[in-house]
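Student: Dropping in data_5.tsv, with TSV, N, CA and C atoms.
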chain	number	residue	atom	x	y	z
M	16	MET	N	23.22	3.72	15.41
M	16	MET	CA	22.87	2.82	14.33
M	16	MET	C	21.62	2.05	14.68
M	17	SER	N	20.99	1.68	13.64
M	17	SER	CA	19.77	0.93	13.86
M	17	SER	C	20.10	-0.55	13.91
M	18	VAL	N	19.17	-1.29	14.37
M	18	VAL	CA	19.35	-2.73	14.51
M	18	VAL	C	19.56	-3.38	13.14
M	19	VAL	N	18.83	-2.93	12.17
M	19	VAL	CA	18.94	-3.50	10.82
M	19	VAL	C	20.34	-3.25	10.28
M	20	GLU	N	20.85	-2.08	10.47
M	20	GLU	CA	22.19	-1.77	9.98
M	20	GLU	C	23.25	-2.56	10.74
M	21	ASP	N	23.02	-2.76	12.04
M	21	ASP	CA	23.95	-3.55	12.83
M	21	ASP	C	23.98	-5.01	12.35
M	22	VAL	N	22.83	-5.53	12.07
M	22	VAL	CA	22.74	-6.92	11.58
M	22	VAL	C	23.38	-7.02	10.21
M	23	ARG	N	23.11	-6.04	9.38
M	23	ARG	CA	23.70	-6.04	8.04
M	23	ARG	C	25.23	-5.99	8.12
M	24	LYS	N	25.74	-5.15	8.97
M	24	LYS	CA	27.18	-5.04	9.12
M	24	LYS	C	27.77	-6.34	9.67
M	25	ALA	N	27.08	-6.95	10.62
M	25	ALA	CA	27.55	-8.22	11.18
M	25	ALA	C	27.57	-9.31	10.11
M	26	VAL	N	26.53	-9.33	9.30
M	26	VAL	CA	26.46	-10.33	8.22
M	26	VAL	C	27.60	-10.09	7.25
M	27	GLN	N	27.83	-8.83	6.89
M	27	GLN	CA	28.88	-8.53	5.93
M	27	GLN	C	30.27	-8.78	6.51
M	28	ASP	N	30.44	-8.53	7.75
M	28	ASP	CA	31.76	-8.67	8.37
M	28	ASP	C	32.10	-10.13	8.69
M	29	PHE	N	31.12	-10.89	9.13
M	29	PHE	CA	31.43	-12.24	9.61
M	29	PHE	C	30.90	-13.35	8.68
M	30	LEU	N	29.66	-13.24	8.27
M	30	LEU	CA	29.06	-14.31	7.48
M	30	LEU	C	29.47	-14.28	6.02
M	31	ALA	N	29.61	-13.11	5.45
M	31	ALA	CA	29.95	-13.03	4.03
M	31	ALA	C	31.30	-13.68	3.73
M	32	PRO	N	32.35	-13.42	4.53
M	32	PRO	CA	33.62	-14.09	4.24
M	32	PRO	C	33.51	-15.62	4.41
M	33	GLU	N	32.76	-16.06	5.39
M	33	GLU	CA	32.56	-17.49	5.59
M	33	GLU	C	31.80	-18.11	4.42
M	34	LEU	N	30.78	-17.38	3.96
M	34	LEU	CA	30.02	-17.88	2.80
M	34	LEU	C	30.90	-17.95	1.56
M	35	ARG	N	31.77	-16.97	1.40
M	35	ARG	CA	32.68	-16.99	0.26
M	35	ARG	C	33.65	-18.18	0.37
M	36	ALA	N	34.12	-18.45	1.57
M	36	ALA	CA	35.03	-19.57	1.78
M	36	ALA	C	34.32	-20.90	1.50
M	37	VAL	N	33.07	-21.01	1.97
M	37	VAL	CA	32.29	-22.23	1.71
M	37	VAL	C	32.04	-22.36	0.21
M	38	THR	N	31.72	-21.26	-0.44
M	38	THR	CA	31.49	-21.28	-1.89
M	38	THR	C	32.76	-21.69	-2.62
M	39	ALA	N	33.91	-21.20	-2.17
M	39	ALA	CA	35.18	-21.56	-2.79
M	39	ALA	C	35.46	-23.05	-2.60
M	40	ARG	N	35.18	-23.56	-1.42
M	40	ARG	CA	35.37	-24.99	-1.16
M	40	ARG	C	34.44	-25.82	-2.03
M	41	LEU	N	33.20	-25.39	-2.12
M	41	LEU	CA	32.24	-26.13	-2.97
M	41	LEU	C	32.66	-26.10	-4.44
M	42	ASP	N	33.18	-24.97	-4.88
M	42	ASP	CA	33.67	-24.87	-6.26
M	42	ASP	C	34.85	-25.82	-6.48
M	43	ALA	N	35.74	-25.88	-5.49
M	43	ALA	CA	36.89	-26.78	-5.60
M	43	ALA	C	36.42	-28.24	-5.64
M	44	ILE	N	35.47	-28.56	-4.78
M	44	ILE	CA	34.93	-29.93	-4.78
M	44	ILE	C	34.24	-30.22	-6.10
M	45	ASP	N	33.50	-29.26	-6.60
M	45	ASP	CA	32.82	-29.44	-7.89
M	45	ASP	C	33.83	-29.67	-9.01
M	46	SER	N	34.92	-28.91	-9.02
M	46	SER	CA	35.92	-29.10	-10.07
M	46	SER	C	36.60	-30.46	-9.94
M	47	ARG	N	36.84	-30.91	-8.70
M	47	ARG	CA	37.41	-32.25	-8.50
M	47	ARG	C	36.46	-33.33	-8.99
M	48	LEU	N	35.20	-33.17	-8.67
M	48	LEU	CA	34.21	-34.16	-9.12
M	48	LEU	C	34.10	-34.18	-10.65
M	49	THR	N	34.16	-33.02	-11.25
M	49	THR	CA	34.11	-32.94	-12.71
M	49	THR	C	35.32	-33.65	-13.31
M	50	ALA	N	36.49	-33.43	-12.72
M	50	ALA	CA	37.70	-34.11	-13.21
M	50	ALA	C	37.58	-35.62	-13.02
M	51	GLN	N	37.06	-36.03	-11.88
M	51	GLN	CA	36.86	-37.47	-11.63
M	51	GLN	C	35.86	-38.06	-12.62
M	52	ASP	N	34.80	-37.30	-12.91
M	52	ASP	CA	33.82	-37.77	-13.90
M	52	ASP	C	34.48	-37.99	-15.26
M	53	LYS	N	35.36	-37.07	-15.64
M	53	LYS	CA	36.06	-37.21	-16.92
M	53	LYS	C	36.95	-38.44	-16.92
M	54	VAL	N	37.66	-38.65	-15.81
M	54	VAL	CA	38.53	-39.82	-15.71
M	54	VAL	C	37.71	-41.10	-15.77
M	55	LEU	N	36.62	-41.12	-15.02
M	55	LEU	CA	35.76	-42.31	-15.01
M	55	LEU	C	35.14	-42.56	-16.38
M	56	ALA	N	34.75	-41.51	-17.07
M	56	ALA	CA	34.19	-41.66	-18.41
M	56	ALA	C	35.22	-42.24	-19.37
M	57	ALA	N	36.46	-41.77	-19.25
M	57	ALA	CA	37.53	-42.31	-20.10
M	57	ALA	C	37.79	-43.77	-19.77
M	58	GLN	N	37.81	-44.10	-18.48
M	58	GLN	CA	38.01	-45.50	-18.09
M	58	GLN	C	36.85	-46.38	-18.55
M	59	GLU	N	35.65	-45.84	-18.50
M	59	GLU	CA	34.48	-46.59	-18.97
M	59	GLU	C	34.57	-46.86	-20.46
M	60	LYS	N	35.00	-45.86	-21.23
M	60	LYS	CA	35.17	-46.06	-22.67
M	60	LYS	C	36.22	-47.11	-22.95
M	61	THR	N	37.31	-47.06	-22.21
M	61	THR	CA	38.37	-48.05	-22.38
M	61	THR	C	37.86	-49.45	-22.04
M	62	ALA	N	37.13	-49.56	-20.94
M	62	ALA	CA	36.57	-50.85	-20.54
M	62	ALA	C	35.58	-51.37	-21.58
M	63	GLU	N	34.76	-50.48	-22.12
M	63	GLU	CA	33.80	-50.89	-23.14
M	63	GLU	C	34.52	-51.36	-24.41
M	64	ALA	N	35.59	-50.67	-24.77
M	64	ALA	CA	36.36	-51.07	-25.95
M	64	ALA	C	36.98	-52.45	-25.73
M	65	ARG	N	37.54	-52.66	-24.54
M	65	ARG	CA	38.13	-53.97	-24.22
M	65	ARG	C	37.06	-55.06	-24.22
M	66	GLN	N	35.92	-54.74	-23.65
M	66	GLN	CA	34.83	-55.71	-23.61
M	66	GLN	C	34.38	-56.05	-25.03
M	67	SER	N	34.25	-55.05	-25.88
M	67	SER	CA	33.86	-55.29	-27.26
M	67	SER	C	34.89	-56.16	-27.98
M	68	GLU	N	36.15	-55.87	-27.75
M	68	GLU	CA	37.22	-56.66	-28.36
M	68	GLU	C	37.16	-58.11	-27.89
M	69	MET	N	36.97	-58.29	-26.59
M	69	MET	CA	36.90	-59.64	-26.03
M	69	MET	C	35.68	-60.39	-26.58
M	70	LEU	N	34.57	-59.70	-26.70
M	70	LEU	CA	33.37	-60.35	-27.24
M	70	LEU	C	33.58	-60.76	-28.69
M	71	SER	N	34.27	-59.93	-29.46
M	71	SER	CA	34.52	-60.30	-30.85
M	71	SER	C	35.49	-61.47	-30.93
M	72	ARG	N	36.48	-61.51	-30.03
M	72	ARG	CA	37.40	-62.66	-29.99
M	72	ARG	C	36.65	-63.93	-29.62
M	73	ILE	N	35.79	-63.82	-28.63
M	73	ILE	CA	35.01	-64.99	-28.21
M	73	ILE	C	34.12	-65.47	-29.34
M	74	ALA	N	33.50	-64.54	-30.06
M	74	ALA	CA	32.65	-64.91	-31.18
M	74	ALA	C	33.46	-65.62	-32.27
M	75	ALA	N	34.66	-65.13	-32.54
M	75	ALA	CA	35.52	-65.76	-33.54
M	75	ALA	C	35.93	-67.16	-33.10
M	76	GLN	N	36.28	-67.30	-31.82
M	76	GLN	CA	36.65	-68.62	-31.31
M	76	GLN	C	35.45	-69.56	-31.31
M	77	ASP	N	34.28	-69.02	-31.05
M	77	ASP	CA	33.07	-69.83	-31.07
M	77	ASP	C	32.80	-70.36	-32.48
M	78	LYS	N	32.99	-69.49	-33.48
M	78	LYS	CA	32.81	-69.93	-34.87
M	78	LYS	C	33.82	-71.01	-35.23
M	79	THR	N	35.06	-70.82	-34.80
M	79	THR	CA	36.10	-71.81	-35.06
M	79	THR	C	35.75	-73.13	-34.39
M	80	ALA	N	35.29	-73.07	-33.16
M	80	ALA	CA	34.92	-74.29	-32.44
M	80	ALA	C	33.75	-74.99	-33.11
M	81	GLU	N	32.78	-74.21	-33.57
M	81	GLU	CA	31.63	-74.80	-34.27
M	81	GLU	C	32.07	-75.46	-35.57
M	82	ALA	N	32.98	-74.84	-36.29
M	82	ALA	CA	33.48	-75.43	-37.53
M	82	ALA	C	34.22	-76.73	-37.25
M	83	ARG	N	35.05	-76.72	-36.22
M	83	ARG	CA	35.78	-77.95	-35.85
M	83	ARG	C	34.82	-79.04	-35.40
M	84	GLN	N	33.82	-78.66	-34.64
M	84	GLN	CA	32.84	-79.64	-34.19
M	84	GLN	C	32.10	-80.24	-35.38
M	85	SER	N	31.72	-79.40	-36.32
M	85	SER	CA	31.03	-79.88	-37.50
M	85	SER	C	31.92	-80.84	-38.29
M	86	GLU	N	33.19	-80.48	-38.43
M	86	GLU	CA	34.14	-81.34	-39.14
M	86	GLU	C	34.29	-82.68	-38.43
M	87	MET	N	34.41	-82.63	-37.11
M	87	MET	CA	34.55	-83.87	-36.34
M	87	MET	C	33.31	-84.74	-36.46
M	88	LEU	N	32.14	-84.12	-36.43
M	88	LEU	CA	30.91	-84.89	-36.55
M	88	LEU	C	30.81	-85.56	-37.92
M	89	SER	N	31.24	-84.84	-38.97
M	89	SER	CA	31.20	-85.45	-40.30
M	89	SER	C	32.22	-86.59	-40.40
M	90	ARG	N	33.39	-86.41	-39.77
M	90	ARG	CA	34.37	-87.50	-39.77
M	90	ARG	C	33.85	-88.72	-39.01
M	91	ILE	N	33.20	-88.46	-37.88
M	91	ILE	CA	32.64	-89.56	-37.10
M	91	ILE	C	31.56	-90.28	-37.90
M	92	ALA	N	30.73	-89.52	-38.59
M	92	ALA	CA	29.68	-90.13	-39.41
M	92	ALA	C	30.30	-90.98	-40.53
M	93	ALA	N	31.37	-90.48	-41.15
M	93	ALA	CA	32.03	-91.26	-42.20
M	93	ALA	C	32.65	-92.53	-41.61
M	94	GLN	N	33.28	-92.42	-40.47
M	94	GLN	CA	33.86	-93.60	-39.82
M	94	GLN	C	32.77	-94.59	-39.42
M	95	ASP	N	31.64	-94.07	-39.00
M	95	ASP	CA	30.51	-94.93	-38.63
M	95	ASP	C	30.01	-95.71	-39.85
M	96	LYS	N	29.92	-95.03	-40.99
M	96	LYS	CA	29.49	-95.72	-42.22
M	96	LYS	C	30.50	-96.78	-42.61
M	97	THR	N	31.78	-96.44	-42.52
M	97	THR	CA	32.83	-97.40	-42.86
M	97	THR	C	32.77	-98.60	-41.92
M	98	ALA	N	32.61	-98.36	-40.64
M	98	ALA	CA	32.53	-99.45	-39.67
M	98	ALA	C	31.30	-100.33	-39.93
M	99	GLU	N	30.20	-99.69	-40.26
M	99	GLU	CA	28.98	-100.46	-40.54
M	99	GLU	C	29.16	-101.31	-41.80
M	100	ALA	N	29.80	-100.75	-42.82
M	100	ALA	CA	30.05	-101.52	-44.05
M	100	ALA	C	30.96	-102.71	-43.76
M	101	ARG	N	32.00	-102.48	-42.98
M	101	ARG	CA	32.91	-103.58	-42.62
M	101	ARG	C	32.19	-104.63	-41.78
M	102	HIS	N	31.36	-104.19	-40.89
M	102	HIS	CA	30.59	-105.12	-40.06
M	102	HIS	C	29.69	-105.99	-40.94
M	103	ASN	N	29.01	-105.34	-41.88
M	103	ASN	CA	28.15	-106.12	-42.78
M	103	ASN	C	28.96	-107.10	-43.63
M	104	GLU	N	30.13	-106.66	-44.07
M	104	GLU	CA	31.00	-107.54	-44.85
M	104	GLU	C	31.45	-108.75	-44.02
M	105	ILE	N	31.82	-108.50	-42.78
M	105	ILE	CA	32.24	-109.60	-41.90
M	105	ILE	C	31.08	-110.55	-41.66
M	106	LEU	N	29.90	-109.99	-41.44
M	106	LEU	CA	28.73	-110.86	-41.24
M	106	LEU	C	28.46	-111.73	-42.48
M	107	ALA	N	28.61	-111.13	-43.65
M	107	ALA	CA	28.40	-111.89	-44.89
M	107	ALA	C	29.44	-113.01	-45.00
M	108	ARG	N	30.69	-112.70	-44.67
M	108	ARG	CA	31.74	-113.73	-44.72
M	108	ARG	C	31.47	-114.84	-43.70
M	109	ILE	N	31.00	-114.45	-42.53
M	109	ILE	CA	30.68	-115.46	-41.51
M	109	ILE	C	29.56	-116.36	-42.01
M	110	GLU	N	28.56	-115.77	-42.63
M	110	GLU	CA	27.46	-116.57	-43.18
M	110	GLU	C	27.99	-117.52	-44.26
M	111	GLY	N	28.91	-117.02	-45.10
M	111	GLY	CA	29.51	-117.86	-46.14
M	111	GLY	C	30.30	-119.00	-45.52
M	112	LEU	N	31.06	-118.69	-44.48
M	112	LEU	CA	31.82	-119.74	-43.80
M	112	LEU	C	30.88	-120.74	-43.13
M	113	LYS	N	29.84	-120.24	-42.57
M	113	LYS	CA	28.87	-121.11	-41.91
M	113	LYS	C	28.27	-122.07	-42.93
M	114	TYR	N	27.92	-121.54	-44.10
M	114	TYR	CA	27.37	-122.38	-45.15
M	114	TYR	C	28.40	-123.41	-45.61
M	115	SER	N	29.68	-122.96	-45.73
M	115	SER	CA	30.75	-123.88	-46.14
M	115	SER	C	30.93	-124.98	-45.11
M	116	PHE	N	30.90	-124.67	-43.85
M	116	PHE	CA	31.04	-125.68	-42.81
M	116	PHE	C	29.87	-126.66	-42.84
M	117	GLU	N	28.70	-126.13	-43.11
M	117	GLU	CA	27.54	-127.02	-43.19
M	117	GLU	C	27.69	-127.98	-44.37
M	118	ILE	N	28.20	-127.48	-45.50
M	118	ILE	CA	28.42	-128.36	-46.66
M	118	ILE	C	29.48	-129.39	-46.32
M	119	ASP	N	30.57	-128.95	-45.67
M	119	ASP	CA	31.63	-129.88	-45.27
M	119	ASP	C	31.08	-130.96	-44.35
M	120	LYS	N	30.21	-130.59	-43.43
M	120	LYS	CA	29.63	-131.56	-42.51
M	120	LYS	C	28.73	-132.53	-43.27
M	121	ARG	N	27.98	-132.01	-44.20
M	121	ARG	CA	27.10	-132.89	-44.99
M	121	ARG	C	27.91	-133.89	-45.82
M	122	ILE	N	28.98	-133.35	-46.44
M	122	ILE	CA	29.84	-134.24	-47.25
M	122	ILE	C	30.48	-135.28	-46.35
M	123	GLU	N	30.93	-134.85	-45.20
M	123	GLU	CA	31.56	-135.77	-44.26
M	123	GLU	C	30.56	-136.84	-43.82
M	124	LYS	N	29.34	-136.44	-43.57
M	124	LYS	CA	28.32	-137.41	-43.18
M	124	LYS	C	28.05	-138.39	-44.32
M	125	LEU	N	28.00	-137.85	-45.55
M	125	LEU	CA	27.76	-138.72	-46.71
M	125	LEU	C	28.93	-139.68	-46.91
M	126	GLU	N	30.11	-139.17	-46.72
M	126	GLU	CA	31.28	-140.03	-46.88
M	126	GLU	C	31.32	-141.10	-45.80
M	127	ASN	N	30.87	-140.76	-44.63
M	127	ASN	CA	30.86	-141.73	-43.52
M	127	ASN	C	29.78	-142.80	-43.74
M	128	ARG	N	28.74	-142.52	-44.48
M	128	ARG	CA	27.67	-143.46	-44.72
M	128	ARG	C	28.07	-144.49	-45.79
M	129	LYS	N	28.81	-144.06	-46.78
M	129	LYS	CA	29.17	-144.94	-47.88
M	129	LYS	C	30.18	-145.96	-47.41
M	130	PRO	N	29.95	-147.21	-47.79
M	130	PRO	CA	31.01	-148.17	-47.51
M	130	PRO	C	32.08	-148.06	-48.59
M	131	SER	N	33.25	-148.09	-48.19
M	131	SER	CA	34.33	-148.00	-49.17
M	131	SER	C	34.79	-149.32	-49.65
What is this structure when it is put down as structure tokens?

Tutor:
Amino acid sequence: MSVVEDVRKAVQDFLAPELRAVTARLDAIDSRLTAQDKVLAAQEKTAEARQSEMLSRIAAQDKTAEARQSEMLSRIAAQDKTAEARHNEILARIEGLKYSFEIDKRIEKLENRKPS
């Protein structure tokens, strides 16, 4: 036999079965990775759906909170107006009382001046 034929036979007898075994292992690994990719893709879709749901819930709660805040601010503004009106009313009454006391003092002074 020639050297080329000897090498060919050696390759076919020893290396070819090993290459087939390596190829089979690589195919098995590839199929496992493909299955894992499918699982991960499904989990990613599930996570995205949950995230979308949570974001929509947060947006709804945010709108509710904004509505409540707006309502509270309008109530506070109304209470502020009421308090200011009452304050002005009290100030007017105090001024009226002050004027009344001044008149009472003047009358008292006049009465004290007159001989009876």

Student: What's the separation between atom C of Arg90 of chain M and atom N of Ile73 of chain M, in Å to one decimal place?

Tutor: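 Straight-line distance from atom C of Arg90 of chain M to atom N of Ile73 of chain M works out to 27.0 Å.
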
Student: What is the atom CA of Leu48 of chain M-atom CA of Ala36 of chain M distance in Å, reported with one decimal?

Tutor: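 Taking atom CA of Leu48 of chain M and atom CA of Ala36 of chain M, their separation equals 18.2 Å.
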
Student: One decimal, in Å: what's the spacing between atom N of Gln76 of chain M and atom C of Ala64 of chain M?

Tutor: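 Atom C of Ala64 of chain M lies at a distance of 16.1 Å from atom N of Gln76 of chain M.
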